[in-house]
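Okay, target_24.tsv is below, TSV, C-alpha atoms (C1' of nucleotides):
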```tsv
chain	number	residue	atom	x	y	z
A	1	MET	CA	12.32	-11.39	51.65
A	2	PHE	CA	14.77	-14.23	51.22
A	3	VAL	CA	17.54	-13.60	48.72
A	4	HIS	CA	19.72	-16.57	47.86
A	5	LEU	CA	23.33	-16.27	46.83
A	6	TYR	CA	23.48	-19.30	44.57
A	7	MET	CA	21.02	-20.91	42.25
A	8	GLU	CA	18.83	-23.66	43.57
A	9	LEU	CA	18.34	-26.82	41.57
A	10	ALA	CA	14.69	-26.02	40.80
A	11	GLU	CA	15.61	-22.57	39.57
A	12	ALA	CA	18.53	-23.91	37.55
A	13	LYS	CA	16.27	-26.47	35.87
A	14	GLN	CA	13.84	-23.76	34.86
A	15	LYS	CA	16.68	-21.65	33.53
A	16	PHE	CA	18.01	-24.55	31.48
A	17	ILE	CA	14.59	-25.32	30.00
A	18	GLU	CA	14.01	-21.68	29.15
A	19	SER	CA	17.47	-21.22	27.61
A	20	TRP	CA	17.32	-24.40	25.57
A	21	GLY	CA	13.92	-23.34	24.28
A	22	LYS	CA	15.25	-19.93	23.33
A	23	LEU	CA	18.26	-21.36	21.53
A	24	GLY	CA	16.01	-23.78	19.70
A	25	SER	CA	13.67	-21.07	18.50
A	26	GLU	CA	16.62	-18.97	17.34
A	27	TRP	CA	17.61	-21.92	15.16
A	28	GLY	CA	14.19	-22.65	13.72
A	29	ILE	CA	13.19	-25.37	16.18
A	30	ASN	CA	9.81	-25.07	17.86
A	31	ARG	CA	10.39	-23.60	21.30
A	32	THR	CA	8.13	-26.09	23.06
A	33	MET	CA	9.84	-29.00	21.37
A	34	ALA	CA	13.20	-27.76	22.63
A	35	GLN	CA	11.75	-27.26	26.10
A	36	VAL	CA	10.27	-30.75	26.29
A	37	HIS	CA	13.62	-32.09	25.13
A	38	ALA	CA	15.41	-30.03	27.79
A	39	LEU	CA	13.07	-31.30	30.50
A	40	LEU	CA	13.63	-34.92	29.53
A	41	LEU	CA	17.39	-34.36	29.32
A	42	ILE	CA	17.59	-33.32	32.95
A	43	THR	CA	15.12	-35.89	34.26
A	44	PRO	CA	16.53	-39.25	35.36
A	45	GLU	CA	13.40	-41.32	34.78
A	46	ALA	CA	11.00	-41.50	31.88
A	47	LEU	CA	8.02	-39.13	32.18
A	48	THR	CA	4.38	-39.48	31.21
A	49	THR	CA	2.53	-37.03	28.98
A	50	GLU	CA	0.66	-35.91	32.07
A	51	GLU	CA	3.86	-35.06	33.95
A	52	ILE	CA	5.30	-33.14	31.00
A	53	MET	CA	2.05	-31.20	30.60
A	54	GLU	CA	2.14	-30.23	34.23
A	55	GLN	CA	5.84	-29.33	34.45
A	56	LEU	CA	5.77	-27.13	31.35
A	57	SER	CA	2.16	-25.93	31.61
A	58	ILE	CA	1.24	-27.06	28.13
A	59	SER	CA	-1.87	-28.73	26.77
A	60	ARG	CA	-2.31	-32.42	26.07
A	61	GLY	CA	-2.46	-31.83	22.33
A	62	ASN	CA	0.74	-29.84	22.35
A	63	ALA	CA	2.56	-32.36	24.53
A	64	ASN	CA	1.43	-35.24	22.37
A	65	MET	CA	2.45	-33.68	19.07
A	66	THR	CA	5.75	-32.42	20.43
A	67	LEU	CA	6.64	-35.85	21.78
A	68	ARG	CA	5.85	-37.46	18.40
A	69	ASP	CA	8.12	-34.90	16.77
A	70	LEU	CA	10.93	-35.62	19.21
A	71	ILE	CA	10.56	-39.32	18.51
A	72	GLY	CA	10.65	-38.48	14.79
A	73	TRP	CA	13.90	-36.64	15.35
A	74	GLY	CA	15.31	-39.71	17.07
A	75	LEU	CA	15.89	-37.83	20.31
A	76	VAL	CA	13.25	-39.40	22.52
A	77	GLU	CA	11.93	-42.91	22.88
A	78	LYS	CA	8.66	-44.25	24.12
A	79	GLN	CA	8.76	-46.70	27.00
A	80	LEU	CA	5.98	-49.02	28.07
A	81	LYS	CA	5.90	-50.30	31.61
A	82	PRO	CA	4.44	-53.77	32.24
A	83	GLY	CA	0.94	-53.58	33.68
A	84	GLU	CA	0.54	-49.91	32.75
A	85	ARG	CA	-1.49	-48.47	29.92
A	86	LYS	CA	0.20	-45.10	29.71
A	87	GLU	CA	3.31	-44.27	27.75
A	88	TYR	CA	6.54	-43.02	29.25
A	89	PHE	CA	9.04	-40.85	27.42
A	90	PHE	CA	12.76	-40.95	27.84
A	91	ALA	CA	15.48	-38.86	26.19
A	92	ASP	CA	18.80	-40.20	25.00
A	93	LYS	CA	21.29	-38.24	27.09
A	94	ASP	CA	24.41	-38.94	25.07
A	95	THR	CA	25.46	-35.56	23.72
A	96	TRP	CA	27.31	-37.04	20.77
A	97	ASN	CA	24.21	-39.01	19.77
A	98	ILE	CA	22.07	-35.91	20.10
A	99	ALA	CA	24.42	-33.86	17.92
A	100	ARG	CA	24.54	-36.63	15.32
A	101	GLN	CA	20.77	-37.04	15.27
A	102	VAL	CA	20.15	-33.33	14.87
A	103	ALA	CA	22.79	-33.05	12.15
A	104	LYS	CA	21.35	-36.08	10.37
A	105	GLU	CA	17.78	-34.79	10.43
A	106	ARG	CA	18.55	-31.22	9.43
A	107	ARG	CA	20.71	-32.49	6.59
A	108	LYS	CA	17.88	-34.66	5.35
A	109	ARG	CA	15.11	-32.11	5.89
A	110	GLU	CA	16.79	-28.88	4.81
A	111	LEU	CA	20.23	-29.27	3.29
A	112	ASP	CA	19.58	-32.08	0.82
A	113	PRO	CA	16.43	-30.44	-0.63
A	114	ILE	CA	18.21	-27.16	-1.30
A	115	ILE	CA	21.13	-28.95	-2.93
A	116	LYS	CA	18.65	-30.58	-5.27
A	117	ILE	CA	17.25	-27.17	-6.21
A	118	LEU	CA	20.71	-25.63	-6.60
A	119	ASP	CA	21.68	-28.49	-8.92
A	120	GLU	CA	18.70	-27.58	-11.12
A	121	LEU	CA	19.51	-23.87	-11.04
A	122	THR	CA	23.13	-24.54	-11.93
A	123	LYS	CA	21.95	-26.17	-15.16
A	124	VAL	CA	20.10	-23.09	-16.40
A	125	LYS	CA	21.65	-21.98	-19.69
A	126	GLY	CA	22.29	-18.42	-20.77
A	127	ASP	CA	24.61	-15.95	-22.41
A	128	THR	CA	27.91	-15.95	-20.58
A	129	LYS	CA	28.52	-12.42	-21.82
A	130	ASP	CA	25.36	-11.23	-20.08
A	131	PRO	CA	26.37	-9.96	-16.61
A	132	GLU	CA	22.92	-10.80	-15.26
A	133	TYR	CA	23.38	-14.41	-16.24
A	134	ALA	CA	27.05	-14.57	-15.34
A	135	THR	CA	26.44	-13.29	-11.80
A	136	PHE	CA	23.47	-15.56	-11.25
A	137	ASN	CA	25.38	-18.57	-12.48
A	138	LYS	CA	28.50	-17.87	-10.45
A	139	SER	CA	26.65	-17.25	-7.19
A	140	VAL	CA	24.44	-20.29	-7.57
A	141	THR	CA	27.38	-22.50	-8.52
A	142	ASP	CA	29.48	-21.26	-5.61
A	143	ILE	CA	26.70	-21.69	-3.09
A	144	ASN	CA	26.07	-25.15	-4.46
A	145	LYS	CA	29.73	-26.02	-3.90
A	146	LEU	CA	29.53	-24.70	-0.36
A	147	ALA	CA	26.35	-26.67	0.33
A	148	LYS	CA	27.92	-29.85	-1.03
A	149	ASN	CA	31.02	-29.27	1.04
A	150	VAL	CA	28.92	-28.94	4.18
A	151	ASP	CA	26.91	-31.98	3.14
A	152	LYS	CA	30.01	-34.15	2.75
A	153	THR	CA	31.45	-32.90	6.02
A	154	LEU	CA	28.23	-33.83	7.80
A	155	GLU	CA	28.23	-37.23	6.15
A	156	THR	CA	31.74	-37.86	7.39
A	157	MET	CA	30.78	-36.62	10.83
A	158	LEU	CA	27.80	-38.97	10.95
A	159	LYS	CA	30.03	-41.91	10.15
A	160	ALA	CA	32.74	-40.82	12.53
A	161	GLU	CA	33.44	-42.26	15.92
A	162	GLU	CA	32.61	-40.45	19.08
A	163	ASN	CA	36.24	-40.00	20.08
A	164	TRP	CA	36.92	-38.24	16.79
A	165	PHE	CA	34.41	-35.68	17.87
A	166	TRP	CA	35.70	-35.06	21.36
A	167	GLY	CA	39.34	-35.34	20.52
A	168	SER	CA	40.44	-34.68	17.01
A	169	VAL	CA	38.44	-31.71	15.82
A	170	ILE	CA	40.28	-29.08	17.72
A	171	LYS	CA	43.68	-30.63	17.21
A	172	ILE	CA	43.20	-31.05	13.48
A	173	PHE	CA	41.91	-27.54	13.01
A	174	LYS	CA	44.74	-25.92	14.92
B	175	MET	CA	-0.30	-22.64	-23.73
B	176	PHE	CA	3.44	-22.44	-24.02
B	177	VAL	CA	5.36	-25.02	-22.03
B	178	HIS	CA	9.11	-24.59	-21.81
B	179	LEU	CA	11.51	-27.47	-21.41
B	180	TYR	CA	14.19	-25.63	-19.47
B	181	MET	CA	14.11	-22.90	-16.92
B	182	GLU	CA	14.46	-19.33	-18.04
B	183	LEU	CA	16.80	-16.98	-16.24
B	184	ALA	CA	13.94	-14.90	-14.81
B	185	GLU	CA	12.21	-17.99	-13.49
B	186	ALA	CA	15.47	-19.36	-12.10
B	187	LYS	CA	16.16	-16.10	-10.26
B	188	GLN	CA	12.73	-16.24	-8.66
B	189	LYS	CA	13.28	-19.83	-7.66
B	190	PHE	CA	16.63	-19.00	-6.09
B	191	ILE	CA	15.21	-16.08	-4.12
B	192	GLU	CA	12.29	-18.19	-2.90
B	193	SER	CA	14.50	-21.14	-1.94
B	194	TRP	CA	17.09	-19.05	-0.15
B	195	GLY	CA	14.28	-17.36	1.76
B	196	LYS	CA	12.81	-20.72	2.73
B	197	LEU	CA	16.17	-22.09	3.89
B	198	GLY	CA	16.76	-18.94	5.89
B	199	SER	CA	13.44	-19.14	7.65
B	200	GLU	CA	14.04	-22.81	8.47
B	201	TRP	CA	17.22	-21.70	10.23
B	202	GLY	CA	15.73	-18.80	12.14
B	203	ILE	CA	16.67	-16.05	9.70
B	204	ASN	CA	13.94	-13.63	8.65
B	205	ARG	CA	12.64	-14.79	5.28
B	206	THR	CA	12.71	-11.32	3.74
B	207	MET	CA	16.27	-10.74	4.88
B	208	ALA	CA	17.35	-13.96	3.18
B	209	GLN	CA	15.43	-12.97	0.05
B	210	VAL	CA	17.00	-9.52	-0.16
B	211	HIS	CA	20.39	-11.17	0.31
B	212	ALA	CA	19.59	-13.66	-2.44
B	213	LEU	CA	18.52	-10.88	-4.80
B	214	LEU	CA	21.72	-8.95	-4.22
B	215	LEU	CA	23.82	-12.09	-4.61
B	216	ILE	CA	22.55	-12.68	-8.13
B	217	THR	CA	22.60	-9.04	-9.20
B	218	PRO	CA	25.81	-7.73	-10.78
B	219	GLU	CA	25.36	-4.09	-9.84
B	220	ALA	CA	24.43	-2.42	-6.60
B	221	LEU	CA	20.69	-1.79	-6.21
B	222	THR	CA	18.72	1.05	-4.67
B	223	THR	CA	16.09	0.60	-1.97
B	224	GLU	CA	13.51	1.48	-4.62
B	225	GLU	CA	14.67	-1.33	-6.93
B	226	ILE	CA	14.70	-3.89	-4.12
B	227	MET	CA	11.21	-2.84	-3.03
B	228	GLU	CA	9.93	-3.30	-6.54
B	229	GLN	CA	11.64	-6.59	-7.31
B	230	LEU	CA	10.51	-8.25	-4.09
B	231	SER	CA	7.21	-6.39	-3.64
B	232	ILE	CA	8.04	-5.19	-0.17
B	233	SER	CA	7.47	-1.87	1.56
B	234	ARG	CA	10.03	0.87	2.03
B	235	GLY	CA	10.13	0.32	5.79
B	236	ASN	CA	10.74	-3.38	5.40
B	237	ALA	CA	13.42	-2.87	2.74
B	238	ASN	CA	15.19	-0.27	4.83
B	239	MET	CA	15.26	-2.31	8.03
B	240	THR	CA	16.25	-5.48	6.23
B	241	LEU	CA	19.13	-3.73	4.48
B	242	ARG	CA	20.39	-2.33	7.81
B	243	ASP	CA	20.27	-5.84	9.24
B	244	LEU	CA	22.22	-7.25	6.31
B	245	ILE	CA	24.82	-4.54	6.78
B	246	GLY	CA	24.88	-5.45	10.49
B	247	TRP	CA	25.56	-9.06	9.53
B	248	GLY	CA	28.46	-7.88	7.38
B	249	LEU	CA	26.90	-9.34	4.25
B	250	VAL	CA	25.95	-6.17	2.39
B	251	GLU	CA	27.61	-2.81	1.99
B	252	LYS	CA	26.26	0.59	1.20
B	253	GLN	CA	27.65	2.37	-1.84
B	254	LEU	CA	27.36	6.05	-2.59
B	255	LYS	CA	27.65	7.21	-6.16
B	256	PRO	CA	29.16	10.65	-6.78
B	257	GLY	CA	26.52	13.22	-7.59
B	258	GLU	CA	23.68	11.01	-6.38
B	259	ARG	CA	21.76	11.32	-3.15
B	260	LYS	CA	20.39	7.82	-2.94
B	261	GLU	CA	22.15	4.81	-1.46
B	262	TYR	CA	23.07	1.70	-3.39
B	263	PHE	CA	23.42	-1.74	-1.84
B	264	PHE	CA	25.86	-4.39	-2.89
B	265	ALA	CA	26.39	-7.91	-1.57
B	266	ASP	CA	29.75	-9.53	-1.06
B	267	LYS	CA	29.59	-12.52	-3.39
B	268	ASP	CA	32.50	-14.49	-1.97
B	269	THR	CA	30.94	-17.64	-0.56
B	270	TRP	CA	33.75	-18.20	1.90
B	271	ASN	CA	33.32	-14.69	3.26
B	272	ILE	CA	29.59	-15.19	3.54
B	273	ALA	CA	29.99	-18.45	5.44
B	274	ARG	CA	32.54	-16.87	7.76
B	275	GLN	CA	30.39	-13.84	8.42
B	276	VAL	CA	27.31	-15.91	9.20
B	277	ALA	CA	29.30	-18.23	11.45
B	278	LYS	CA	30.88	-15.26	13.21
B	279	GLU	CA	27.58	-13.51	13.85
B	280	ARG	CA	25.63	-16.55	14.98
B	281	ARG	CA	28.46	-17.48	17.30
B	282	LYS	CA	28.40	-14.03	18.85
B	283	ARG	CA	24.62	-13.68	18.98
B	284	GLU	CA	23.53	-17.17	20.00
B	285	LEU	CA	26.32	-19.55	20.89
B	286	ASP	CA	28.38	-17.36	23.22
B	287	PRO	CA	25.37	-16.25	25.29
B	288	ILE	CA	24.22	-19.82	25.90
B	289	ILE	CA	27.74	-20.87	26.87
B	290	LYS	CA	27.70	-18.14	29.47
B	291	ILE	CA	24.43	-19.50	30.87
B	292	LEU	CA	25.64	-23.10	30.79
B	293	ASP	CA	28.76	-22.06	32.70
B	294	GLU	CA	26.51	-20.67	35.42
B	295	LEU	CA	24.31	-23.75	35.49
B	296	THR	CA	27.33	-26.02	35.69
B	297	LYS	CA	28.30	-24.32	38.94
B	298	VAL	CA	25.02	-25.14	40.72
B	299	LYS	CA	25.78	-27.27	43.77
B	300	GLY	CA	23.76	-30.22	44.97
B	301	ASP	CA	23.75	-33.70	46.42
B	302	THR	CA	25.62	-36.01	44.04
B	303	LYS	CA	23.62	-38.92	45.43
B	304	ASP	CA	20.37	-37.28	44.32
B	305	PRO	CA	19.52	-38.61	40.83
B	306	GLU	CA	17.66	-35.38	40.02
B	307	TYR	CA	20.78	-33.37	40.65
B	308	ALA	CA	23.16	-35.90	39.10
B	309	THR	CA	21.22	-36.05	35.84
B	310	PHE	CA	20.85	-32.28	35.64
B	311	ASN	CA	24.52	-31.75	36.30
B	312	LYS	CA	25.71	-34.37	33.82
B	313	SER	CA	23.48	-33.16	30.98
B	314	VAL	CA	24.33	-29.52	31.50
B	315	THR	CA	28.05	-30.27	31.78
B	316	ASP	CA	28.02	-32.42	28.65
B	317	ILE	CA	26.08	-29.89	26.60
B	318	ASN	CA	28.45	-27.20	27.81
B	319	LYS	CA	31.39	-29.25	26.57
B	320	LEU	CA	29.70	-29.73	23.22
B	321	ALA	CA	28.93	-26.03	22.94
B	322	LYS	CA	32.52	-25.12	23.76
B	323	ASN	CA	33.80	-27.64	21.26
B	324	VAL	CA	31.64	-26.08	18.54
B	325	ASP	CA	32.73	-22.63	19.69
B	326	LYS	CA	36.41	-23.47	19.39
B	327	THR	CA	35.90	-25.13	16.03
B	328	LEU	CA	34.17	-22.00	14.74
B	329	GLU	CA	36.94	-19.83	16.11
B	330	THR	CA	39.50	-21.89	14.24
B	331	MET	CA	37.38	-21.77	11.13
B	332	LEU	CA	37.14	-18.00	11.33
B	333	LYS	CA	40.89	-17.72	11.50
B	334	ALA	CA	41.49	-20.27	8.80
B	335	GLU	CA	42.43	-19.58	5.25
B	336	GLU	CA	40.03	-19.93	2.40
B	337	ASN	CA	41.92	-22.80	0.79
B	338	TRP	CA	41.63	-24.76	4.03
B	339	PHE	CA	37.91	-24.56	3.61
B	340	TRP	CA	37.70	-25.67	0.01
B	341	GLY	CA	40.43	-28.23	0.19
B	342	SER	CA	41.31	-29.68	3.53
B	343	VAL	CA	38.02	-30.31	5.25
B	344	ILE	CA	36.99	-33.31	3.28
B	345	LYS	CA	40.45	-34.79	3.15
B	346	ILE	CA	41.03	-34.41	6.86
B	347	PHE	CA	37.67	-35.88	7.76
B	348	LYS	CA	38.03	-38.92	5.50
C	349	DA	C1'	15.80	29.79	5.15
C	350	DT	C1'	13.31	26.67	2.30
C	351	DA	C1'	12.54	22.97	-0.49
C	352	DA	C1'	13.66	18.68	-2.48
C	353	DA	C1'	15.36	14.16	-2.10
C	354	DC	C1'	16.09	11.12	0.25
C	355	DT	C1'	16.26	7.66	4.96
C	356	DT	C1'	14.47	6.18	9.39
C	357	DT	C1'	11.12	5.09	12.81
C	358	DC	C1'	7.39	2.78	14.85
C	359	DA	C1'	2.34	2.20	15.98
C	360	DA	C1'	-1.02	-0.20	13.73
C	361	DT	C1'	-2.09	-4.14	10.98
C	362	DA	C1'	-1.43	-8.40	8.75
C	363	DA	C1'	0.40	-12.83	8.39
C	364	DA	C1'	2.46	-16.88	10.09
C	365	DT	C1'	3.07	-19.93	13.68
C	366	DT	C1'	1.87	-22.18	17.79
C	367	DT	C1'	-1.33	-23.79	21.17
C	368	DT	C1'	-5.60	-25.31	22.96
C	369	DG	C1'	-9.17	-28.47	24.13
C	370	DA	C1'	-12.81	-31.21	23.11
C	371	DA	C1'	-14.30	-34.83	20.14
C	372	DA	C1'	-12.96	-38.90	17.90
C	373	DG	C1'	-10.04	-42.82	17.89
C	374	DT	C1'	-7.76	-46.89	20.01
C	375	DT	C1'	-6.79	-50.62	23.08
C	376	DA	C1'	-7.36	-53.64	26.84
C	377	DA	C1'	-9.73	-55.16	30.75
C	378	DA	C1'	-14.21	-56.14	33.02
D	379	DT	C1'	-20.01	-55.47	24.39
D	380	DT	C1'	-19.28	-52.03	27.41
D	381	DT	C1'	-16.55	-49.22	29.89
D	382	DA	C1'	-12.34	-47.15	31.31
D	383	DA	C1'	-7.95	-45.49	30.27
D	384	DC	C1'	-5.62	-43.82	27.56
D	385	DT	C1'	-3.76	-41.33	22.64
D	386	DT	C1'	-4.60	-38.69	18.50
D	387	DT	C1'	-6.51	-35.15	15.63
D	388	DC	C1'	-7.52	-30.69	14.04
D	389	DA	C1'	-10.52	-26.41	13.73
D	390	DA	C1'	-10.58	-22.44	16.30
D	391	DA	C1'	-8.15	-19.23	19.26
D	392	DA	C1'	-4.11	-17.18	20.99
D	393	DT	C1'	0.34	-15.69	20.43
D	394	DT	C1'	4.35	-14.31	18.09
D	395	DT	C1'	6.58	-12.41	14.33
D	396	DA	C1'	6.80	-9.65	10.24
D	397	DT	C1'	5.15	-5.89	7.40
D	398	DT	C1'	3.18	-1.64	6.17
D	399	DG	C1'	2.99	3.20	5.37
D	400	DA	C1'	2.83	7.67	6.79
D	401	DA	C1'	5.03	10.97	9.71
D	402	DA	C1'	9.31	12.53	11.36
D	403	DG	C1'	14.12	13.02	10.60
D	404	DT	C1'	18.27	14.14	7.83
D	405	DT	C1'	21.11	16.02	4.36
D	406	DT	C1'	22.16	18.68	0.41
D	407	DA	C1'	21.20	22.01	-3.04
D	408	DT	C1'	18.94	26.35	-4.17
```

Once you've parsed the file, please lay out its structure as structure tokens.
Amino acid sequence: MFVHLYMELAEAKQKFIESWGKLGSEWGINRTMAQVHALLLITPEALTTEEIMEQLSISRGNANMTLRDLIGWGLVEKQLKPGERKEYFFADKDTWNIARQVAKERRKRELDPIIKILDELTKVKGDTKDPEYATFNKSVTDINKLAKNVDKTLETMLKAEENWFWGSVIKIFK
Amino acid sequence: MFVHLYMELAEAKQKFIESWGKLGSEWGINRTMAQVHALLLITPEALTTEEIMEQLSISRGNANMTLRDLIGWGLVEKQLKPGERKEYFFADKDTWNIARQVAKERRKRELDPIIKILDELTKVKGDTKDPEYATFNKSVTDINKLAKNVDKTLETMLKAEENWFWGSVIKIFK
DNA sequence: ATAAACTTTCAATAAATTTTGAAAGTTAAA
DNA sequence: TTTAACTTTCAAAATTTATTGAAAGTTTAT
């Protein structure tokens, strides 16, 4: 049996797709969506639905819905080639763009809605002398502050320049 | 039918528990774990397993395992009252501590392992002229840089002082 | 040593989430 | 207008994840 000492490209690709999928699912992102994204990230050309189905062994329905989702997240774009009916899919490979897109979407989908709810909960009136109320109010208010702090930080990040990201963060935080 | 114009404390508590659970599950945290955490965050005194089971309508097994997990995340501590056999559970209510703990754990559990894998994948050799290899190598290298940047930022954050968090972030990022 | 008062474990079950695939829908060429 | 080449949809099935509850384990008091 042949045992290789270093990883081959094909093996490395598989490992990357698997790991990216795992990380995604640990962070509440559909595993297949992360895997399709990973595949497109390491593929130079745009791929068809058919090719993605084959490479990841997934069904047409799954591939189709996942690709729509990725487009919805702003991570993948559809390409049409002249003279061809079928659609090609291509992933933006700029890491800074990817990070921004993901931050932008998760802020919109998950952070902003909870801030809205926390704002409501903060308004609930009660007897300040009542420890039940006092504890509720303090925790909700504090978490709301935290959430708004994160929200503003993300907003600033989204507006920021790429070089800020790669350069300044570490220096500033030192 | 009685319709109230503002939210009652009991209703608000339920809403908070439900929302915190939903946010947790969107970010890959077990919904029940987030709900138990939420309950403890808005409760002034330490609670017994029995009380948590009742308030959230969950089984003893579930309550027990969830509480162990929360202790493992450094978010909840066990309290023993003199003369009593049963254990009481109390949540740290300091938002900054909570944020730090969560960041610390997710870094250790999810970020560091993927960095290790990306380091391996970055080492894979190949023909630089081959677009398949070039694209793979560039994407993996870039994502690795991003991951390490996030890792270092978290490390700095973990070391940082509380007032840095509440004050500086926004100012620095402006 | 035994019982009482708890906590822990984990196989079985339930619930939630994801995936499939075939039918229906769309678009463009023949 | 018909057919071919696609894409989309979604109910049913498969898979994954979470929960239950009862039995086993532990600790302390009697």

Requested in this report: May I have the residues within 7 Å of Pro44 (chain A) as a list in words, using all atoms listed in the file and disregarding those fewer than 6 positions away in the same chain?
Outcome: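 Close residues of Pro44 (chain A): Pro305, Glu306 and Thr309 of chain B.
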
Keeping C-alpha atoms, export the residues of the selection given above as an mmCIF file, in the coordinates of the input.
```cif
data_model
loop_
_atom_site.group_PDB
_atom_site.id
_atom_site.type_symbol
_atom_site.label_atom_id
_atom_site.label_comp_id
_atom_site.auth_asym_id
_atom_site.auth_seq_id
_atom_site.Cartn_x
_atom_site.Cartn_y
_atom_site.Cartn_z
ATOM 1 C CA PRO B 305 19.520 -38.610 40.830
ATOM 2 C CA GLU B 306 17.660 -35.380 40.020
ATOM 3 C CA THR B 309 21.220 -36.050 35.840
#
```

Taking all atoms listed in the file into account, report as a PDB file with C-alpha atoms, in the coordinates of the input which residues of chain B lie within 8 Å of chain D.
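Wrote it out as part_20.pdb, contents follow:
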```
ATOM      1  CA  SER B 233       7.470  -1.870   1.560  1.00  0.00           C
ATOM      2  CA  GLY B 235      10.130   0.320   5.790  1.00  0.00           C
ATOM      3  CA  ASN B 236      10.740  -3.380   5.400  1.00  0.00           C
TER       4      ASN B 236
END
```

Query raised in the report: Residues at most 12 Å from Asp301 (chain B), counting all atoms listed in the file, excluding those fewer than 5 positions away in the same chain, as a ChimeraX atom specification?
Result: /A:8-9 /B:306-311

Exercise answer, chain C residues close to chain A, 8 Å and only C-alpha atoms (C1' of nucleotides), as a CSV table (one decimal) with C-alpha atoms (C1' of nucleotides), in the coordinates of the input:
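The resulting file, iface_25.csv, is shown below:
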```
chain,number,residue,atom,x,y,z
C,367,DT,C1',-1.3,-23.8,21.2
C,368,DT,C1',-5.6,-25.3,23.0
C,369,DG,C1',-9.2,-28.5,24.1
```

With the cut-off set at 8 Å and counting all atoms listed in the file, tabulate each residue of chain B with an atom at most that distance from an atom of chain A, showing the nearest atom pair and its distance in Å to one decimal, ordered by chain and increasing number, as a Markdown table.
```
| residue | atom | partner | partner_atom | distance |
| --- | --- | --- | --- | --- |
| B:Tyr180 | CA | A:Val124 | CA | 7.1 |
| B:Met181 | CA | A:Val124 | CA | 6.0 |
| B:Glu182 | CA | A:Val124 | CA | 7.0 |
| B:Leu183 | CA | A:Val124 | CA | 6.9 |
| B:Ala186 | CA | A:Leu121 | CA | 6.1 |
| B:Lys187 | CA | A:Phe136 | CA | 7.4 |
| B:Phe190 | CA | A:Leu121 | CA | 7.5 |
| B:Ser193 | CA | A:Ile114 | CA | 7.1 |
| B:Leu197 | CA | A:Glu110 | CA | 6.9 |
| B:Ser199 | CA | A:Gly28 | CA | 7.1 |
| B:Glu200 | CA | A:Gly28 | CA | 5.3 |
| B:Trp201 | CA | A:Gly28 | CA | 4.7 |
| B:Gly202 | CA | A:Gly28 | CA | 4.4 |
| B:Leu215 | CA | A:Ser139 | CA | 6.4 |
| B:Ile216 | CA | A:Phe136 | CA | 4.3 |
| B:Thr217 | CA | A:Thr135 | CA | 6.3 |
| B:Pro218 | CA | A:Thr135 | CA | 5.7 |
| B:Lys267 | CA | A:Ser139 | CA | 6.7 |
| B:Thr269 | CA | A:Asp142 | CA | 6.4 |
| B:Glu284 | CA | A:Leu23 | CA | 6.9 |
| B:Ile288 | CA | A:Ser19 | CA | 7.1 |
| B:Ile291 | CA | A:Ser19 | CA | 7.9 |
| B:Leu292 | CA | A:Phe16 | CA | 7.8 |
| B:Leu295 | CA | A:Ala12 | CA | 6.1 |
| B:Val298 | CA | A:Met7 | CA | 6.0 |
| B:Lys299 | CA | A:Leu9 | CA | 7.8 |
| B:Gly300 | CA | A:Leu9 | CA | 7.2 |
| B:Pro305 | CA | A:Pro44 | CA | 6.3 |
| B:Glu306 | CA | A:Pro44 | CA | 6.2 |
| B:Tyr307 | CA | A:Leu9 | CA | 7.0 |
| B:Thr309 | CA | A:Ile42 | CA | 5.4 |
| B:Phe310 | CA | A:Ile42 | CA | 4.4 |
| B:Asn311 | CA | A:Ile42 | CA | 7.9 |
| B:Ser313 | CA | A:Ile42 | CA | 6.2 |
| B:Val314 | CA | A:Ile42 | CA | 7.9 |
| B:Asp316 | CA | A:Thr95 | CA | 6.4 |
| B:Ile317 | CA | A:Thr95 | CA | 6.4 |
| B:Leu320 | CA | A:Thr95 | CA | 7.2 |
| B:Asn323 | CA | A:Ile170 | CA | 7.5 |
| B:Lys326 | CA | A:Ile170 | CA | 7.0 |
| B:Thr327 | CA | A:Ile170 | CA | 6.1 |
| B:Thr330 | CA | A:Phe173 | CA | 6.3 |
| B:Met331 | CA | A:Phe173 | CA | 7.6 |
| B:Trp340 | CA | A:Asn149 | CA | 7.7 |
| B:Val343 | CA | A:Thr153 | CA | 7.1 |
| B:Ile344 | CA | A:Thr153 | CA | 6.2 |
| B:Ile346 | CA | A:Ile172 | CA | 7.7 |
| B:Phe347 | CA | A:Thr156 | CA | 6.3 |
| B:Lys348 | CA | A:Thr156 | CA | 6.7 |
```

Requested in this report: Figure out the distance between CA of Lys104 (chain A) and CA of Trp73 (chain A), please, to one decimal in Å.
Outcome: 9.0 Å

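Between CA of Gly74 (chain A) and CA of Gln101 (chain A) the interatomic distance comes to 6.3 Å.
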
**Report entry** Two-atom distance - CA of Ile17 (chain A), CA of Glu279 (chain B) (Å)
**Finding:**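 Result for CA of Ile17 (chain A) versus CA of Glu279 (chain B): 23.9 Å, one decimal.
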
Requested in this report: Using only C-alpha atoms (C1' of nucleotides), determine which residues lie at most 9 Å from Leu244 (chain B), disregarding the query and same-chain residues fewer than 4 positions distant; provide the list as a list in words.
Outcome: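 After dropping sequence-adjacent residues, the list is Met207, Ala208, Val210, His211, Met239, Thr240, Gly248, Leu249, Val250, Glu251 and Ala265 of chain B.
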
**Report entry** Cut-off 8 Å around (27.3, -2.2, -4.9) with all atoms listed in the file: residues as a PyMOL selection string
**Finding:** chain B and resi 219-221+251-253+262-265
